[in-house]
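Student: This is target-v4.txt (compact mmCIF, C-alpha atoms and all ligand atoms).
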# COMPACT_ATOMS: atom_id res chain seq x y z
CA MET A 4 14.51 4.55 20.56
CA SER A 5 16.93 2.11 18.97
CA SER A 6 16.91 0.48 15.57
CA SER A 7 16.67 -2.90 17.32
CA LEU A 8 13.08 -2.09 18.24
CA GLY A 9 12.37 -1.46 14.55
CA GLU A 10 14.10 -4.73 13.62
CA THR A 11 12.04 -6.65 16.18
CA ILE A 12 8.79 -5.19 14.86
CA ILE A 13 9.67 -5.94 11.24
CA LYS A 14 10.89 -9.45 12.01
CA ARG A 15 7.66 -10.32 13.81
CA LEU A 16 5.39 -8.74 11.19
CA SER A 17 7.25 -10.41 8.32
CA ASP A 18 6.79 -13.77 10.05
CA VAL A 19 2.99 -13.42 9.97
CA TYR A 20 2.19 -11.50 6.78
CA ARG A 21 2.46 -12.58 3.16
CA ILE A 22 2.61 -9.64 0.79
CA ASP A 23 0.67 -9.88 -2.45
CA LYS A 24 1.82 -7.54 -5.25
CA ASP A 25 -1.80 -6.51 -5.90
CA GLU A 26 -1.93 -4.92 -2.44
CA PHE A 27 0.71 -2.35 -3.43
CA ALA A 28 0.00 -0.83 -6.84
CA PRO A 29 3.50 0.60 -7.56
CA LEU A 30 5.07 -2.86 -7.19
CA ASN A 31 3.33 -3.86 -10.42
CA PHE A 32 5.20 -1.46 -12.73
CA LYS A 33 8.79 -0.83 -13.78
CA ASP A 34 8.22 2.32 -15.85
CA PRO A 35 8.54 5.42 -13.60
CA PHE A 36 5.71 7.27 -15.33
CA LEU A 37 3.32 4.34 -14.79
CA ILE A 38 4.53 3.94 -11.20
CA LEU A 39 3.62 7.58 -10.56
CA ILE A 40 0.18 7.22 -12.15
CA SER A 41 -0.53 4.12 -10.07
CA ILE A 42 0.38 6.03 -6.90
CA ILE A 43 -1.86 8.97 -7.84
CA LEU A 44 -4.71 6.56 -8.58
CA SER A 45 -4.30 4.81 -5.22
CA GLN A 46 -4.89 8.06 -3.27
CA ASN A 47 -7.99 7.63 -1.07
CA THR A 48 -8.83 4.20 -2.45
CA THR A 49 -7.54 0.64 -2.36
CA ASP A 50 -4.53 -0.42 -4.40
CA ARG A 51 -6.72 -3.04 -6.08
CA ASN A 52 -9.02 -0.28 -7.41
CA ALA A 53 -5.99 1.69 -8.57
CA LEU A 54 -4.80 -1.39 -10.47
CA LYS A 55 -8.21 -1.81 -12.13
CA ALA A 56 -7.97 1.80 -13.35
CA MET A 57 -4.39 1.20 -14.52
CA LYS A 58 -5.56 -1.84 -16.48
CA ASN A 59 -8.19 0.31 -18.25
CA LEU A 60 -5.63 2.97 -19.12
CA VAL A 61 -3.07 0.54 -20.49
CA ALA A 62 -5.76 -1.41 -22.39
CA ASN A 63 -6.66 1.87 -24.10
CA GLY A 64 -3.09 2.36 -25.25
CA LEU A 65 -2.24 5.03 -22.65
CA THR A 66 1.29 4.29 -21.53
CA SER A 67 3.54 7.27 -22.31
CA SER A 68 3.46 10.96 -21.35
CA GLN A 69 2.76 11.77 -25.00
CA ASP A 70 -0.28 9.45 -25.01
CA TYR A 71 -1.76 11.21 -21.97
CA VAL A 72 -1.19 14.77 -23.17
CA LYS A 73 -2.70 13.85 -26.53
CA ALA A 74 -5.71 12.11 -24.91
CA GLY A 75 -6.48 14.88 -22.39
CA ALA A 76 -8.36 14.61 -19.10
CA ASP A 77 -11.79 13.92 -20.65
CA LYS A 78 -10.67 10.66 -22.24
CA ILE A 79 -9.02 9.52 -19.02
CA LYS A 80 -11.86 10.25 -16.59
CA PRO A 81 -14.18 7.32 -17.45
CA LEU A 82 -11.25 4.93 -17.48
CA ILE A 83 -10.19 5.79 -13.93
CA LYS A 84 -13.65 6.23 -12.40
CA VAL A 85 -13.23 2.96 -10.47
CA ALA A 86 -10.45 4.59 -8.41
CA GLY A 87 -12.67 7.51 -7.26
CA LEU A 88 -11.93 11.27 -7.26
CA TYR A 89 -11.52 10.84 -10.99
CA GLU A 90 -11.95 14.51 -11.98
CA GLN A 91 -9.10 15.60 -9.73
CA LYS A 92 -6.91 12.57 -10.47
CA ALA A 93 -7.31 13.02 -14.26
CA LYS A 94 -6.10 16.63 -13.94
CA THR A 95 -3.12 15.56 -11.82
CA ILE A 96 -2.17 12.84 -14.31
CA ILE A 97 -2.28 15.29 -17.23
CA SER A 98 -0.17 17.81 -15.25
CA LEU A 99 2.30 15.03 -14.51
CA ALA A 100 2.46 14.04 -18.19
CA SER A 101 3.03 17.67 -19.25
CA TRP A 102 5.81 18.08 -16.66
CA SER A 103 7.40 14.81 -17.81
CA LEU A 104 7.39 15.99 -21.44
CA GLU A 105 8.59 19.52 -20.75
CA LYS A 106 11.31 18.68 -18.26
CA TYR A 107 12.47 15.22 -19.28
CA GLY A 108 11.28 14.77 -22.86
CA GLY A 109 8.82 12.13 -21.64
CA ASP A 110 11.58 9.90 -20.26
CA LEU A 111 11.34 9.75 -16.49
CA THR A 112 14.10 7.14 -16.24
CA LYS A 113 16.29 10.28 -16.32
CA LEU A 114 15.15 10.89 -12.73
CA LYS A 115 17.61 8.18 -11.66
CA GLN A 116 20.39 10.69 -12.38
CA GLU A 117 18.83 13.41 -10.21
CA GLU A 118 19.13 13.99 -6.48
CA PRO A 119 16.05 12.58 -4.67
CA GLU A 120 15.54 15.98 -2.94
CA LYS A 121 15.24 17.67 -6.34
CA VAL A 122 12.83 15.03 -7.63
CA TYR A 123 10.76 15.45 -4.45
CA GLU A 124 10.61 19.22 -4.91
CA GLU A 125 9.63 19.01 -8.56
CA LEU A 126 6.96 16.39 -7.96
CA THR A 127 5.36 18.22 -5.05
CA GLU A 128 5.05 21.35 -7.20
CA ILE A 129 2.53 19.45 -9.33
CA LYS A 130 -1.00 20.05 -8.06
CA GLY A 131 -2.39 16.82 -6.62
CA ILE A 132 1.01 15.37 -5.69
CA GLY A 133 1.73 15.76 -1.99
CA PRO A 134 4.57 14.58 0.27
CA LYS A 135 3.21 11.04 0.64
CA THR A 136 2.75 10.46 -3.10
CA ALA A 137 6.23 11.85 -3.82
CA ASP A 138 7.81 9.78 -1.03
CA VAL A 139 6.18 6.56 -2.26
CA PHE A 140 7.73 7.19 -5.68
CA LEU A 141 11.10 8.08 -4.19
CA ILE A 142 11.24 4.95 -2.10
CA PHE A 143 9.91 2.50 -4.71
CA TYR A 144 11.62 3.88 -7.83
CA LEU A 145 14.71 5.71 -6.64
CA ASN A 146 15.27 3.54 -3.59
CA ALA A 147 15.78 6.83 -1.72
CA ARG A 148 16.05 7.01 2.06
CA THR A 149 12.65 8.34 2.94
CA PHE A 150 9.55 7.05 4.67
CA PRO A 151 6.11 7.60 3.13
CA ILE A 152 3.44 7.82 5.82
CA ASP A 153 -0.17 6.99 5.02
CA THR A 154 -3.12 6.89 7.42
CA HIS A 155 -2.41 3.26 8.40
CA ILE A 156 1.23 3.90 9.25
CA LYS A 157 0.35 7.07 11.11
CA ARG A 158 -2.16 5.24 13.30
CA VAL A 159 -0.02 2.13 13.89
CA VAL A 160 3.21 3.89 14.88
CA LYS A 161 1.32 6.33 17.07
CA ARG A 162 -0.35 3.46 18.92
CA ILE A 163 2.89 1.52 19.33
CA GLY A 164 4.41 4.72 20.69
CA ILE A 165 7.21 5.14 18.16
CA ALA A 166 6.33 8.45 16.53
CA GLU A 167 3.75 11.19 16.31
CA GLY A 168 3.54 14.79 15.16
CA SER A 169 3.80 16.37 11.73
CA TYR A 170 4.55 14.39 8.57
CA ASP A 171 8.17 15.58 8.54
CA VAL A 172 8.76 14.85 12.23
CA MET A 173 7.34 11.34 11.88
CA ARG A 174 9.32 10.65 8.70
CA LYS A 175 12.60 11.54 10.45
CA LYS A 176 11.75 9.43 13.48
CA LEU A 177 10.72 6.39 11.42
CA LEU A 178 13.94 6.56 9.43
CA GLN A 179 15.84 6.31 12.71
CA VAL A 180 13.78 3.38 13.98
CA PHE A 181 13.55 1.26 10.81
CA PRO A 182 16.77 0.35 8.98
CA ASP A 183 14.85 -0.95 5.93
CA PRO A 184 12.17 1.69 5.16
CA ILE A 185 10.62 -0.09 2.13
CA LYS A 186 10.03 -3.29 4.06
CA ALA A 187 8.78 -1.37 7.10
CA HIS A 188 6.47 0.79 4.96
CA ILE A 189 4.85 -2.26 3.36
CA LEU A 190 4.54 -4.32 6.55
CA LEU A 191 3.17 -1.49 8.70
CA ILE A 192 0.47 -0.79 6.09
CA LYS A 193 -0.41 -4.49 5.97
CA HIS A 194 -0.57 -4.53 9.78
CA GLY A 195 -2.84 -1.45 9.79
CA ARG A 196 -5.13 -2.94 7.17
CA THR A 197 -5.50 -6.34 8.82
CA THR A 198 -4.82 -6.21 12.58
CA CYS A 199 -4.24 -2.69 13.87
CA THR A 200 -7.41 -1.44 12.18
CA ALA A 201 -8.80 2.04 12.86
CA ARG A 202 -11.82 0.63 14.69
CA LYS A 203 -11.52 -2.34 17.02
CA PRO A 204 -7.85 -3.28 16.55
CA LYS A 205 -7.29 -6.99 17.15
CA CYS A 206 -4.80 -6.42 19.95
CA ASN A 207 -5.10 -9.88 21.49
CA GLN A 208 -3.94 -11.47 18.22
CA CYS A 209 -1.23 -8.89 17.59
CA VAL A 210 2.36 -10.18 17.48
CA ILE A 211 3.78 -6.91 18.79
CA ASN A 212 1.31 -6.29 21.63
CA ASP A 213 4.05 -6.74 24.24
CA ILE A 214 5.86 -3.65 22.89
CA CYS A 215 2.78 -1.51 22.17
CA LYS A 216 1.97 1.48 24.38
CA TYR A 217 -1.70 1.47 23.40
CA TYR A 218 -2.03 -2.19 24.45
CA ALA A 219 -0.24 -1.49 27.72
CA SER A 220 -2.63 1.39 28.42
CA LEU A 221 -5.64 -0.88 27.73
CA ASN A 222 -4.35 -3.42 30.23
CA LEU A 223 -3.60 -0.72 32.78
CA SER A 224 -7.13 0.70 32.63
CA LYS A 225 -8.52 -2.86 32.89
CA ARG A 226 -6.47 -3.44 36.05
CA ILE A 227 -7.66 -0.11 37.51
CA ASP A 228 -11.29 -1.02 36.72
CA GLU A 229 -10.87 -4.40 38.41
CA GLY A 230 -9.36 -2.48 41.23
S1 LIG B 1 -1.40 -4.18 20.18
FE1 LIG B 1 -3.21 -3.36 19.20
S2 LIG B 1 -2.85 -1.16 19.01
FE2 LIG B 1 -0.87 -2.16 19.38
S3 LIG B 1 -0.01 -2.52 17.37
FE3 LIG B 1 -1.08 -4.36 17.97
S4 LIG B 1 -3.15 -4.15 17.12
FE4 LIG B 1 -2.18 -2.12 17.09
Could you rewrite the structure in this file as structure tokens?
Ligand code: SF4

Tutor:
Amino acid sequence: MSSSLGETIIKRLSDVYRIDKDEFAPLNFKDPFLILISIILSQNTTDRNALKAMKNLVANGLTSSQDYVKAGADKIKPLIKVAGLYEQKAKTIISLASWSLEKYGGDLTKLKQEEPEKVYEELTEIKGIGPKTADVFLIFYLNARTFPIDTHIKRVVKRIGIAEGSYDVMRKKLLQVFPDPIKAHILLIKHGRTTCTARKPKCNQCVINDICKYYASLNLSKRIDEG
């Protein structure tokens, strides 16, 4: 599959979607530690809820690794409740803050000097940070060549017929297909949230239906039914 297919998909999606910063929590922060917290908070919830939780944290003076270690999980929990799974997320955030202090003296801008592979390994050793969370950080903060895959992207690319399989297999494939992974990541999520929804995708309004295997299969079964 060529990169021109990826370029066609991204061109068409970018013509129809406007991206609002609030839809992607990490786009709202420059500080790497806050970017990471926003990504952890957005696990299994909307980015808007993650941003509400971030607002509570920052309003309570919690911005640095030191602040979080000093506060402890119990102070954080009520502030992030709006983002769900708050017990688990509070623990992950405190582990992240401890790692940041121990390894980097609380200054995660130092990660810019590290190899992305090393950053990925260190982050995924923290309980609660998996491949997707680490990849989102790598792509948004380090501008690394990787491709975070969430449930929307997984569903959309599988339906189009571009990639399927394990996380690693899909990541490799998507890097081959899409020359600009950040743009593709954002637009495919937007497409999955608005048009290629899990239930009842709006295929007739979809701007890439002519290159989608799922849509072709729908039309084929319709033709067979009409016989
Ligand atoms: S045609 Fe339907 S299944 Fe295919 S990408 Fe568009 S909305 Fe998704």

Student: As a list in words, please: every protein or nucleic acid residue near ligand LIG 1 (chain B) (cut-off 8 Å, counting only C-alpha atoms and all ligand atoms).

Tutor: Val159, Val160, Arg162, Ile163, His194, Gly195, Thr198, Cys199, Thr200, Pro204, Lys205, Cys206, Asn207, Gln208, Cys209, Val210, Ile211, Asn212, Asp213, Ile214, Cys215, Lys216, Tyr217 and Tyr218 of chain A

Student: Rounded to one decimal, what separation in Å do you get between CA of Ile96 (chain A) and CA of Val172 (chain A)?

Tutor: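 If I compute the distance from CA of Ile96 (chain A) to CA of Val172 (chain A), I get 28.8 Å.
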
Student: So that I can check the surroundings of Leu104 (chain A), please list as a list of chain:residue names every protein, DNA and RNA residue that reaches within 12 Å of it, counting only C-alpha atoms and ignoring chain neighbours fewer than 3 positions away.

Tutor: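 Near Leu104 (chain A), the qualifying residues are A:Phe36, A:Ser67, A:Ser68, A:Gln69, A:Asp70, A:Tyr71, A:Val72, A:Lys73, A:Ile97, A:Ser98, A:Leu99, A:Ala100, A:Ser101, A:Tyr107, A:Gly108, A:Gly109, A:Asp110, A:Leu111, A:Lys113.
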
Student: When you draw a straight line from CA of Ile165 (chain A) to CA of Leu178 (chain A), how long is it in Å?

Tutor: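 Result for CA of Ile165 (chain A) versus CA of Leu178 (chain A): 11.1 Å, one decimal.
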
Student: How many Å separate CA of Ile156 (chain A) from CA of Leu191 (chain A)?

Tutor: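 Pair CA of Ile156 (chain A) / CA of Leu191 (chain A) returns 5.8 Å.
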
Student: List as a ChimeraX atom specification the protein and nucleic acid residues near Leu190 (chain A), meaning an atom at most 10 Å away when all atoms listed in the file are counted, but skip any in the same chain fewer than 3 places from it.

Tutor: /A:12-17,19-22,156,184-187,193-196

Student: Counting all atoms listed in the file, which of A:Leu221, A:Ile192, A:Ile40, A:Ala166 gets nearest to Leu54 (chain A)?

Tutor: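 With all atoms listed in the file as the atom set, the closest residue is A:Ile40.
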
Student: Go through A:Ala86, A:Leu39, A:Ile152, A:Ala28 and flag the residue nearest Met173 (chain A), using all atoms listed in the file for the distances.

Tutor: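 Using all atoms listed in the file, the shortest distance to Met173 (chain A) belongs to A:Ile152.
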
Student: Can you tell me which residues surround Ala62 (chain A) at a distance of at most 12 Å, considering all atoms listed in the file, apart from same-chain residues fewer than 5 positions away, and format the answer as an NGL selection string?

Tutor: :A and (54-57 or 79 or 82-83)

Student: Using all atoms listed in the file, tabulate the residues of region 152-192 of chain A lying at most 10 Å from any atom of region 130-136 of chain A, each with its closest atom pair and that distance in Å to one decimal, by chain and increasing residue number, as a Markdown table.

Tutor:
| residue | atom | partner | partner_atom | distance |
| --- | --- | --- | --- | --- |
| A:Ile152 | CA | A:Lys135 | CA | 6.1 |
| A:Asp153 | CA | A:Lys135 | CA | 6.9 |
| A:Tyr170 | CA | A:Pro134 | CA | 8.3 |
| A:Asp171 | CA | A:Pro134 | CA | 9.1 |

Student: Contacts of Phe27 (chain A) at 8 Å or less, counting only C-alpha atoms, minus same-chain residues fewer than 6 places along, as a PyMOL selection string?

Tutor: chain A and resi 50-51+189

Student: Using all atoms listed in the file, pick whichever of A:Ala76, A:Leu37, A:Ala93, A:Leu126 has the shortest atom-to-atom distance to Asp138 (chain A).

Tutor: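 The closest residue to Asp138 (chain A) is A:Leu126.
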
Student: Missing atoms in region 52-67 of chain A should be modelled up to N, CA and C atoms and reported as a compact mmCIF listing (two decimals), in the frame of the given file.

Tutor:
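Below is the file that was written, out_10.txt:
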# COMPACT_ATOMS: atom_id res chain seq x y z
N ASN A 52 -8.26 -1.18 -6.53
CA ASN A 52 -9.02 -0.28 -7.41
C ASN A 52 -8.09 0.51 -8.32
N ALA A 53 -6.98 0.94 -7.76
CA ALA A 53 -5.99 1.69 -8.57
C ALA A 53 -5.50 0.80 -9.72
N LEU A 54 -5.30 -0.47 -9.42
CA LEU A 54 -4.80 -1.39 -10.47
C LEU A 54 -5.86 -1.64 -11.54
N LYS A 55 -7.14 -1.65 -11.14
CA LYS A 55 -8.21 -1.81 -12.13
C LYS A 55 -8.19 -0.62 -13.09
N ALA A 56 -8.03 0.58 -12.52
CA ALA A 56 -7.97 1.80 -13.35
C ALA A 56 -6.74 1.76 -14.26
N MET A 57 -5.62 1.31 -13.71
CA MET A 57 -4.39 1.20 -14.52
C MET A 57 -4.60 0.25 -15.70
N LYS A 58 -5.30 -0.84 -15.43
CA LYS A 58 -5.56 -1.84 -16.48
C LYS A 58 -6.37 -1.19 -17.61
N ASN A 59 -7.38 -0.39 -17.23
CA ASN A 59 -8.19 0.31 -18.25
C ASN A 59 -7.34 1.25 -19.08
N LEU A 60 -6.47 1.99 -18.41
CA LEU A 60 -5.63 2.97 -19.12
C LEU A 60 -4.71 2.27 -20.12
N VAL A 61 -4.03 1.25 -19.63
CA VAL A 61 -3.07 0.54 -20.49
C VAL A 61 -3.80 -0.16 -21.64
N ALA A 62 -4.98 -0.73 -21.33
CA ALA A 62 -5.76 -1.41 -22.39
C ALA A 62 -6.20 -0.44 -23.48
N ASN A 63 -6.30 0.84 -23.12
CA ASN A 63 -6.66 1.87 -24.10
C ASN A 63 -5.44 2.54 -24.73
N GLY A 64 -4.31 1.90 -24.58
CA GLY A 64 -3.09 2.36 -25.25
C GLY A 64 -2.44 3.57 -24.59
N LEU A 65 -2.81 3.86 -23.33
CA LEU A 65 -2.24 5.03 -22.65
C LEU A 65 -1.07 4.59 -21.77
N THR A 66 0.12 4.72 -22.31
CA THR A 66 1.29 4.29 -21.53
C THR A 66 2.36 5.38 -21.38
N SER A 67 2.47 6.27 -22.38
CA SER A 67 3.54 7.27 -22.31
C SER A 67 2.99 8.66 -22.00
